[in-house]
$ cat entry.cif   # mmCIF, C-alpha atoms and all ligand atoms
data_structure
#
loop_
_atom_site.label_atom_id
_atom_site.label_comp_id
_atom_site.auth_asym_id
_atom_site.auth_seq_id
_atom_site.Cartn_x
_atom_site.Cartn_y
_atom_site.Cartn_z
CA MET A 330 -7.47 20.86 26.66
CA ASN A 331 -4.85 21.98 29.13
CA THR A 332 -5.96 25.57 29.30
CA ALA A 333 -7.49 25.09 32.76
CA GLY A 334 -4.02 24.30 34.07
CA THR A 335 -2.03 27.16 32.62
CA HIS A 336 -1.15 28.48 36.06
CA ALA A 337 -0.39 24.99 37.44
CA PRO A 338 3.24 24.40 38.42
CA ARG A 339 4.50 22.89 35.18
CA ALA A 340 7.97 24.07 36.02
CA GLY A 341 10.35 22.82 38.60
CA GLY A 342 10.54 19.17 38.05
CA LEU A 343 10.18 15.92 36.22
CA PHE A 344 8.76 12.62 37.41
CA VAL A 345 10.41 9.59 35.83
CA THR A 346 8.12 6.61 35.57
CA ALA A 347 8.01 3.42 33.58
CA THR A 348 5.89 0.61 32.23
CA ASP A 349 7.73 -1.86 34.46
CA THR A 350 10.59 -2.25 36.88
CA GLY A 351 14.21 -2.53 35.75
CA VAL A 352 13.66 -0.75 32.45
CA GLY A 353 16.11 2.10 32.98
CA LYS A 354 14.44 4.80 35.08
CA THR A 355 17.55 5.43 37.18
CA PHE A 356 19.83 5.15 34.17
CA ILE A 357 17.88 7.80 32.25
CA ALA A 358 17.17 10.01 35.28
CA CYS A 359 20.90 10.20 36.04
CA SER A 360 21.60 11.32 32.50
CA ILE A 361 18.94 14.01 32.73
CA ALA A 362 20.37 15.16 36.06
CA ARG A 363 23.85 15.43 34.50
CA ASN A 364 22.42 17.34 31.57
CA TRP A 365 20.55 19.74 33.83
CA ARG A 366 23.71 20.29 35.84
CA ALA A 367 25.61 21.01 32.65
CA LEU A 368 23.02 23.71 31.98
CA GLY A 369 24.01 25.27 35.29
CA LEU A 370 20.87 24.24 37.17
CA THR A 371 20.63 23.15 40.77
CA VAL A 372 19.27 19.62 40.65
CA ALA A 373 17.27 18.01 43.45
CA PRO A 374 16.94 14.29 42.79
CA ARG A 375 14.32 12.44 44.80
CA LYS A 376 13.91 8.72 45.35
CA PRO A 377 11.67 8.99 48.40
CA VAL A 378 11.50 5.28 49.07
CA GLU A 379 13.88 2.56 47.96
CA SER A 380 13.50 -1.14 48.66
CA GLY A 381 16.08 -3.89 48.32
CA CYS A 382 18.76 -1.75 49.99
CA PRO A 383 21.84 -3.81 50.90
CA LEU A 384 23.68 -3.33 54.17
CA ARG A 385 26.74 -1.12 53.95
CA ASP A 386 28.73 -0.34 57.11
CA GLY A 387 25.80 -1.64 59.12
CA GLN A 388 23.26 0.63 57.42
CA ARG A 389 20.83 0.20 54.55
CA PHE A 390 22.29 1.80 51.43
CA PRO A 391 19.96 3.12 48.68
CA GLU A 392 21.87 2.42 45.47
CA ASP A 393 19.48 4.20 43.06
CA ALA A 394 19.39 7.28 45.28
CA ALA A 395 23.20 7.28 45.51
CA ARG A 396 23.47 7.17 41.71
CA LEU A 397 20.99 10.02 41.39
CA ALA A 398 22.83 12.05 44.05
CA GLU A 399 26.13 11.58 42.28
CA ALA A 400 24.64 12.54 38.92
CA ALA A 401 23.21 15.68 40.50
CA GLY A 402 26.58 16.55 42.00
CA LEU A 403 25.50 16.10 45.61
CA PRO A 404 28.04 14.93 48.19
CA PRO A 405 27.33 11.64 50.01
CA GLU A 406 26.26 13.43 53.19
CA ARG A 407 23.29 14.85 51.31
CA LEU A 408 21.95 11.38 50.43
CA PRO A 409 19.18 11.63 53.09
CA GLU A 410 17.68 14.54 51.12
CA VAL A 411 17.39 12.29 48.11
CA ASN A 412 16.08 9.22 49.90
CA ARG A 413 14.26 9.15 53.25
CA TYR A 414 12.94 5.56 53.41
CA ARG A 415 15.40 2.68 52.95
CA LEU A 416 13.92 -0.78 53.05
CA ALA A 417 15.64 -4.14 53.19
CA GLU A 418 13.46 -6.51 51.20
CA PRO A 419 13.57 -6.43 47.38
CA LEU A 420 9.81 -6.08 47.12
CA ALA A 421 7.33 -3.35 46.29
CA PRO A 422 7.94 -0.60 48.85
CA ASP A 423 4.51 -0.85 50.48
CA LEU A 424 5.09 -4.52 51.28
CA ALA A 425 8.75 -4.07 52.25
CA ALA A 426 7.75 -1.30 54.66
CA ARG A 427 4.89 -3.32 56.14
CA LEU A 428 7.30 -6.22 56.74
CA GLU A 429 9.45 -3.84 58.79
CA GLY A 430 6.43 -2.83 60.83
CA ARG A 431 6.42 0.77 59.65
CA PRO A 432 3.80 1.17 56.95
CA LEU A 433 4.26 4.05 54.56
CA PHE A 434 1.63 6.53 53.47
CA LEU A 435 1.42 8.90 50.52
CA ARG A 436 1.81 11.94 52.73
CA ASP A 437 5.19 10.55 53.95
CA LEU A 438 6.44 10.19 50.38
CA VAL A 439 5.15 13.59 49.31
CA ALA A 440 6.95 15.16 52.28
CA ALA A 441 10.13 13.23 51.45
CA SER A 442 9.96 14.56 47.87
CA ALA A 443 9.73 18.23 48.83
CA ARG A 444 11.30 20.55 46.28
CA PRO A 445 13.66 23.36 47.30
CA ALA A 446 12.51 26.64 45.78
CA ASP A 447 15.65 27.14 43.71
CA ALA A 448 16.12 23.60 42.43
CA TRP A 449 14.87 21.40 39.62
CA ARG A 450 13.46 18.22 41.05
CA ILE A 451 13.80 14.88 39.32
CA THR A 452 11.81 12.17 41.07
CA GLU A 453 12.00 8.43 40.60
CA GLY A 454 9.28 6.26 42.05
CA ALA A 455 9.68 2.48 42.23
CA GLY A 456 8.52 -0.02 39.61
CA GLY A 457 5.94 0.99 37.02
CA PHE A 458 3.32 3.72 36.92
CA TYR A 459 0.68 1.55 38.58
CA SER A 460 3.06 -0.26 40.95
CA PRO A 461 2.06 0.14 44.59
CA LEU A 462 4.27 2.52 46.52
CA CYS A 463 2.61 2.82 49.92
CA GLU A 464 -0.51 1.81 51.83
CA ASP A 465 -2.69 4.38 50.15
CA GLY A 466 -1.00 4.97 46.85
CA LEU A 467 0.55 3.81 43.60
CA ASN A 468 3.42 5.51 41.78
CA ALA A 469 0.65 7.25 39.86
CA ASP A 470 -0.64 8.81 43.07
CA LEU A 471 2.77 10.20 44.00
CA ALA A 472 3.18 11.59 40.48
CA GLU A 473 -0.24 13.20 40.70
CA ALA A 474 0.46 14.64 44.14
CA LEU A 475 3.76 16.16 43.00
CA GLY A 476 2.24 17.41 39.75
CA ASP A 477 5.47 17.52 37.78
CA PRO A 478 5.43 16.55 34.12
CA VAL A 479 6.34 12.95 33.42
CA LEU A 480 8.90 11.06 31.39
CA LEU A 481 7.83 7.50 30.57
CA VAL A 482 10.54 4.86 30.19
CA ALA A 483 9.85 1.48 28.59
CA GLU A 484 11.87 -1.38 27.22
CA ASP A 485 12.07 -1.40 23.42
CA ARG A 486 10.89 -4.91 22.67
CA LEU A 487 8.03 -6.78 21.06
CA GLY A 488 4.92 -6.06 23.10
CA THR A 489 6.05 -2.73 24.46
CA LEU A 490 3.49 -0.69 22.56
CA SER A 491 0.62 -2.04 24.64
CA GLY A 492 2.38 -1.20 27.90
CA CYS A 493 3.23 2.28 26.66
CA LEU A 494 -0.24 3.07 25.38
CA LEU A 495 -1.83 1.79 28.60
CA ALA A 496 0.51 3.93 30.68
CA LEU A 497 -0.11 6.97 28.47
CA GLU A 498 -3.87 6.53 28.83
CA ALA A 499 -3.50 6.27 32.62
CA LEU A 500 -1.29 9.37 32.68
CA ASP A 501 -3.83 11.24 30.60
CA ARG A 502 -6.70 10.20 32.92
CA ARG A 503 -4.80 11.68 35.82
CA GLY A 504 -4.20 14.90 33.97
CA LEU A 505 -0.43 14.52 33.96
CA LYS A 506 1.58 16.08 31.19
CA VAL A 507 3.90 13.64 29.45
CA LEU A 508 7.05 15.28 28.09
CA ALA A 509 8.36 12.29 26.18
CA VAL A 510 8.76 8.54 26.07
CA VAL A 511 12.15 6.85 26.18
CA LEU A 512 12.28 3.42 24.58
CA ASN A 513 15.31 1.86 26.18
CA ARG A 514 17.44 -1.19 25.49
CA ARG A 515 16.79 -1.93 21.87
CA ARG A 516 18.70 -5.13 21.31
CA THR A 517 20.93 -5.57 18.29
CA ASP A 518 19.00 -8.74 17.36
CA ALA A 519 15.63 -6.95 17.33
CA HIS A 520 13.58 -7.69 14.20
CA PRO A 521 14.64 -5.09 11.62
CA ALA A 522 11.01 -4.37 10.70
CA MET A 523 10.00 -3.65 14.30
CA ASP A 524 9.93 0.11 14.82
CA ASN A 525 8.23 0.81 18.14
CA ARG A 526 9.51 4.35 18.11
CA ALA A 527 7.83 5.25 14.82
CA GLU A 528 4.64 3.49 15.90
CA LEU A 529 4.54 5.30 19.20
CA ILE A 530 5.22 8.71 17.64
CA ARG A 531 2.41 8.04 15.18
CA ARG A 532 -0.06 6.84 17.79
CA SER A 533 0.76 9.23 20.65
CA GLY A 534 2.10 12.33 18.97
CA LEU A 535 4.75 12.56 21.67
CA PRO A 536 8.51 12.88 21.28
CA VAL A 537 9.97 9.37 21.56
CA LEU A 538 13.65 8.69 22.03
CA GLY A 539 15.17 5.28 21.30
CA ILE A 540 18.24 4.05 23.19
CA LYS A 541 20.26 0.94 22.46
CA GLU A 542 21.30 -1.67 24.99
CA GLY A 543 24.87 -1.07 26.14
CA THR A 544 24.89 2.65 25.44
CA PRO A 545 27.69 4.20 27.54
CA ALA A 546 26.62 6.94 29.95
CA ALA A 547 28.55 9.67 28.12
CA GLU A 548 26.89 8.74 24.83
CA LEU A 549 23.48 8.72 26.49
CA ASP A 550 24.12 12.19 27.93
CA GLN A 551 24.99 13.46 24.47
CA MET A 552 21.96 11.81 22.90
CA LEU A 553 19.67 13.41 25.44
CA SER A 554 21.21 16.81 25.04
CA ALA A 555 20.95 16.54 21.27
CA SER A 556 17.40 15.19 21.39
CA SER A 557 14.16 17.08 21.47
CA SER A 558 14.74 19.88 23.94
CA SER A 559 11.56 18.92 25.75
CA ILE A 560 13.29 15.82 27.10
CA VAL A 561 16.36 17.36 28.55
CA SER A 562 15.60 21.00 29.13
CA PRO A 563 13.87 21.64 32.38
CA PRO A 564 10.25 22.52 31.74
CA VAL A 565 10.55 26.28 31.83
CA PRO A 566 7.60 28.27 33.15
CA GLY A 567 5.70 29.88 30.28
CA SER A 568 7.22 33.28 29.65
CA THR A 569 3.75 34.75 29.36
CA GLY A 570 2.46 32.97 32.45
N1 LIG A 601 20.48 1.28 27.61
C1 LIG A 601 21.15 0.65 28.57
N2 LIG A 601 22.38 0.17 28.33
C2 LIG A 601 23.06 -0.46 29.27
N3 LIG A 601 22.64 -0.67 30.52
C3 LIG A 601 21.43 -0.22 30.85
C4 LIG A 601 20.62 0.46 29.90
N4 LIG A 601 19.48 0.80 30.51
C5 LIG A 601 19.54 0.33 31.76
N5 LIG A 601 20.72 -0.28 31.97
C6 LIG A 601 21.15 -0.96 33.21
O1 LIG A 601 20.11 -1.87 33.54
C7 LIG A 601 19.90 -1.93 34.94
C8 LIG A 601 18.47 -1.53 35.27
O2 LIG A 601 18.29 -0.15 34.93
P1 LIG A 601 17.73 0.89 36.00
O3 LIG A 601 17.95 2.25 35.48
O4 LIG A 601 18.29 0.58 37.35
O5 LIG A 601 16.18 0.51 35.95
P2 LIG A 601 14.96 1.02 36.87
O6 LIG A 601 15.43 2.24 37.59
O7 LIG A 601 13.84 1.28 35.93
O8 LIG A 601 14.66 -0.11 37.80
C9 LIG A 601 20.94 -1.00 35.57
O9 LIG A 601 22.07 -1.75 35.91
C10 LIG A 601 21.25 -0.04 34.42
O10 LIG A 601 22.52 0.55 34.52
MG MG A 602 15.68 2.59 39.61
#
$ encode --input "entry.cif" --output "structure tokens" --more "lines below"
Ligand SMILES: Nc1ncnc2c1ncn2[C@@H]1O[C@H](COP(=O)(O)OP(=O)(O)O)[C@@H](O)[C@H]1O
Ligand SMILES: [Mg+2]
Amino acid sequence: MNTAGTHAPRAGGLFVTATDTGVGKTFIACSIARNWRALGLTVAPRKPVESGCPLRDGQRFPEDAARLAEAAGLPPERLPEVNRYRLAEPLAPDLAARLEGRPLFLRDLVAASARPADAWRITEGAGGFYSPLCEDGLNADLAEALGDPVLLVAEDRLGTLSGCLLALEALDRRGLKVLAVVLNRRRTDAHPAMDNRAELIRRSGLPVLGIKEGTPAAELDQMLSASSSSIVSPPVPGSTG
């Protein structure tokens, strides 16, 4: 089914999206960035717009972008490469930007996510796959415009299968390749018979990684590096084209 896109730029990046906000996109993206760095790759993290930025030394400070920059080994002065738009209100970015009187458009976010030729880009949007990002786009539209394969993050709880399957159907409709799903934050008191991971593997055929609540960063890095190589290895261009 993907044969029409064999020459499409599958390589060069990963877009991290989610079923919802606060489910671990930054947490997982940082681990992937550290893993890529450990493989000797130049990593270009992108969080083109961040809302809810607190004031630090009189300026808005993008905390997600700073975490991503650190994970990628970038010095603080390179933070503007990671994040161009820093918004005050903890709202969806389109609304936060409108409140500041400077509405954002998809072309602004695409430009702010530009990928250096020699680097592996890891992009985090804001919120879930269908969360609004700008006046004329959702996270899905930025993902589609960038064209990188996608990692879907979801919380591992009762009800998550519906959110995952809806997101996977939406990703498929937009022709985006999904590398894997990460089911994050499985609680220790989860029902022992609930196995979202097995269900999702069975119903989607995708690699699915499960991560427990409270997993330390170093352990997460190891889990990702030991997991299906499609999650952590950068999507290498097909050797035969
Ligand atoms: N498996 C986990 N174990 C412990 N803390 C986690 C885990 N996943 C996420 N967190 C923490 O939960 C919060 C929300 O995660 P974050 O990655 O910021 O979500 P998102 O980027 O999707 O909004 C952060 O403080 C993050 O460090
Ligand atoms: Mg985040």
$ closest_atom_pairs --input "entry.cif" --of "chain A" --to "ligand MG 602 (chain A)" --cutoff "7 Å" --atoms "only C-alpha atoms and all ligand atoms" --output "JSON lines"
{"residue": "A:Gly351", "atom": "CA", "partner": "A:MG602", "partner_atom": "MG", "distance": 6.6}
{"residue": "A:Gly353", "atom": "CA", "partner": "A:MG602", "partner_atom": "MG", "distance": 6.7}
{"residue": "A:Lys354", "atom": "CA", "partner": "A:MG602", "partner_atom": "MG", "distance": 5.2}
{"residue": "A:Thr355", "atom": "CA", "partner": "A:MG602", "partner_atom": "MG", "distance": 4.2}
{"residue": "A:Asp393", "atom": "CA", "partner": "A:MG602", "partner_atom": "MG", "distance": 5.4}
{"residue": "A:Glu453", "atom": "CA", "partner": "A:MG602", "partner_atom": "MG", "distance": 7.0}
{"residue": "A:Ala455", "atom": "CA", "partner": "A:MG602", "partner_atom": "MG", "distance": 6.5}
$ residues_around --input "entry.cif" --residues "segment 369-386 of chain A" --least-positions-apart "2" --cutoff "7 Å" --atoms "only C-alpha atoms" --output "ChimeraX atom specification"
/A:362,365-367,388-392,394,397-398,401,411-422,425,438,441-442,448-454
$ closest_residue --input "entry.cif" --among "A:Thr517, A:Leu408, A:Asp447, A:Cys493" --to "Thr544 of chain A" --atoms "only C-alpha atoms"
A:Thr517
$ closest_residue --input "entry.cif" --among "A:Leu471, A:Leu424, A:Val352, A:Leu462" --to "ligand LIG 601 (chain A)" --atoms "only C-alpha atoms and all ligand atoms"
A:Val352
$ residues_around --input "entry.cif" --residues "Gly539 of chain A" --least-positions-apart "6" --cutoff "7 Å" --atoms "all atoms listed in the file" --output "ChimeraX atom specification"
/A:511-513,526
$ decode --input "entry.cif" --residues "segment 381-445 of chain A" --atoms "C-alpha atoms" --output "mmCIF file, in the first residue's frame"
data_model
loop_
_atom_site.group_PDB
_atom_site.id
_atom_site.type_symbol
_atom_site.label_atom_id
_atom_site.label_comp_id
_atom_site.auth_asym_id
_atom_site.auth_seq_id
_atom_site.Cartn_x
_atom_site.Cartn_y
_atom_site.Cartn_z
ATOM 1 C CA GLY A 381 2.152 27.916 29.200
ATOM 2 C CA CYS A 382 5.739 29.210 29.279
ATOM 3 C CA PRO A 383 6.606 30.722 32.673
ATOM 4 C CA LEU A 384 8.642 33.899 32.995
ATOM 5 C CA ARG A 385 12.322 33.358 33.670
ATOM 6 C CA ASP A 386 14.646 36.371 33.908
ATOM 7 C CA GLY A 387 11.903 38.462 32.345
ATOM 8 C CA GLN A 388 11.478 36.156 29.340
ATOM 9 C CA ARG A 389 9.105 33.328 28.501
ATOM 10 C CA PHE A 390 10.877 30.009 29.045
ATOM 11 C CA PRO A 391 9.811 26.912 27.049
ATOM 12 C CA GLU A 392 10.301 24.045 29.497
ATOM 13 C CA ASP A 393 9.553 21.175 27.080
ATOM 14 C CA ALA A 394 11.889 22.639 24.477
ATOM 15 C CA ALA A 395 14.621 23.072 27.097
ATOM 16 C CA ARG A 396 14.287 19.415 28.113
ATOM 17 C CA LEU A 397 14.460 18.333 24.490
ATOM 18 C CA ALA A 398 17.491 20.563 23.864
ATOM 19 C CA GLU A 399 19.297 19.129 26.848
ATOM 20 C CA ALA A 400 18.501 15.561 25.811
ATOM 21 C CA ALA A 401 19.856 16.319 22.343
ATOM 22 C CA GLY A 402 23.035 17.773 23.822
ATOM 23 C CA LEU A 403 22.384 21.319 22.651
ATOM 24 C CA PRO A 404 23.683 24.230 24.728
ATOM 25 C CA PRO A 405 21.114 26.706 26.123
ATOM 26 C CA GLU A 406 21.980 29.339 23.520
ATOM 27 C CA ARG A 407 20.624 27.024 20.835
ATOM 28 C CA LEU A 408 17.172 26.871 22.444
ATOM 29 C CA PRO A 409 15.685 29.253 19.807
ATOM 30 C CA GLU A 410 16.409 26.596 17.148
ATOM 31 C CA VAL A 411 14.278 24.160 19.083
ATOM 32 C CA ASN A 412 11.430 26.520 19.907
ATOM 33 C CA ARG A 413 10.492 29.689 18.021
ATOM 34 C CA TYR A 414 7.088 30.574 19.520
ATOM 35 C CA ARG A 415 6.783 30.913 23.310
ATOM 36 C CA LEU A 416 3.342 31.699 24.619
ATOM 37 C CA ALA A 417 2.247 32.682 28.094
ATOM 38 C CA GLU A 418 -1.179 31.157 28.584
ATOM 39 C CA PRO A 419 -1.502 27.428 29.365
ATOM 40 C CA LEU A 420 -3.967 26.895 26.532
ATOM 41 C CA ALA A 421 -3.933 25.339 23.086
ATOM 42 C CA PRO A 422 -1.283 27.249 21.128
ATOM 43 C CA ASP A 423 -3.699 28.703 18.575
ATOM 44 C CA LEU A 424 -5.741 30.328 21.333
ATOM 45 C CA ALA A 425 -2.711 31.372 23.408
ATOM 46 C CA ALA A 426 -1.212 33.047 20.326
ATOM 47 C CA ARG A 427 -4.466 34.777 19.416
ATOM 48 C CA LEU A 428 -4.695 36.148 22.969
ATOM 49 C CA GLU A 429 -1.272 37.724 22.442
ATOM 50 C CA GLY A 430 -2.474 39.322 19.229
ATOM 51 C CA ARG A 431 -0.127 37.359 16.991
ATOM 52 C CA PRO A 432 -2.034 34.503 15.413
ATOM 53 C CA LEU A 433 0.009 31.553 14.234
ATOM 54 C CA PHE A 434 -0.272 29.795 10.906
ATOM 55 C CA LEU A 435 0.870 26.389 9.723
ATOM 56 C CA ARG A 436 3.521 27.876 7.472
ATOM 57 C CA ASP A 437 5.104 29.563 10.563
ATOM 58 C CA LEU A 438 5.316 26.232 12.383
ATOM 59 C CA VAL A 439 6.628 24.362 9.369
ATOM 60 C CA ALA A 440 9.354 27.003 8.967
ATOM 61 C CA ALA A 441 10.172 26.801 12.680
ATOM 62 C CA SER A 442 10.549 23.007 12.356
ATOM 63 C CA ALA A 443 13.044 23.106 9.494
ATOM 64 C CA ARG A 444 15.462 20.195 9.517
ATOM 65 C CA PRO A 445 19.213 20.684 9.043
#
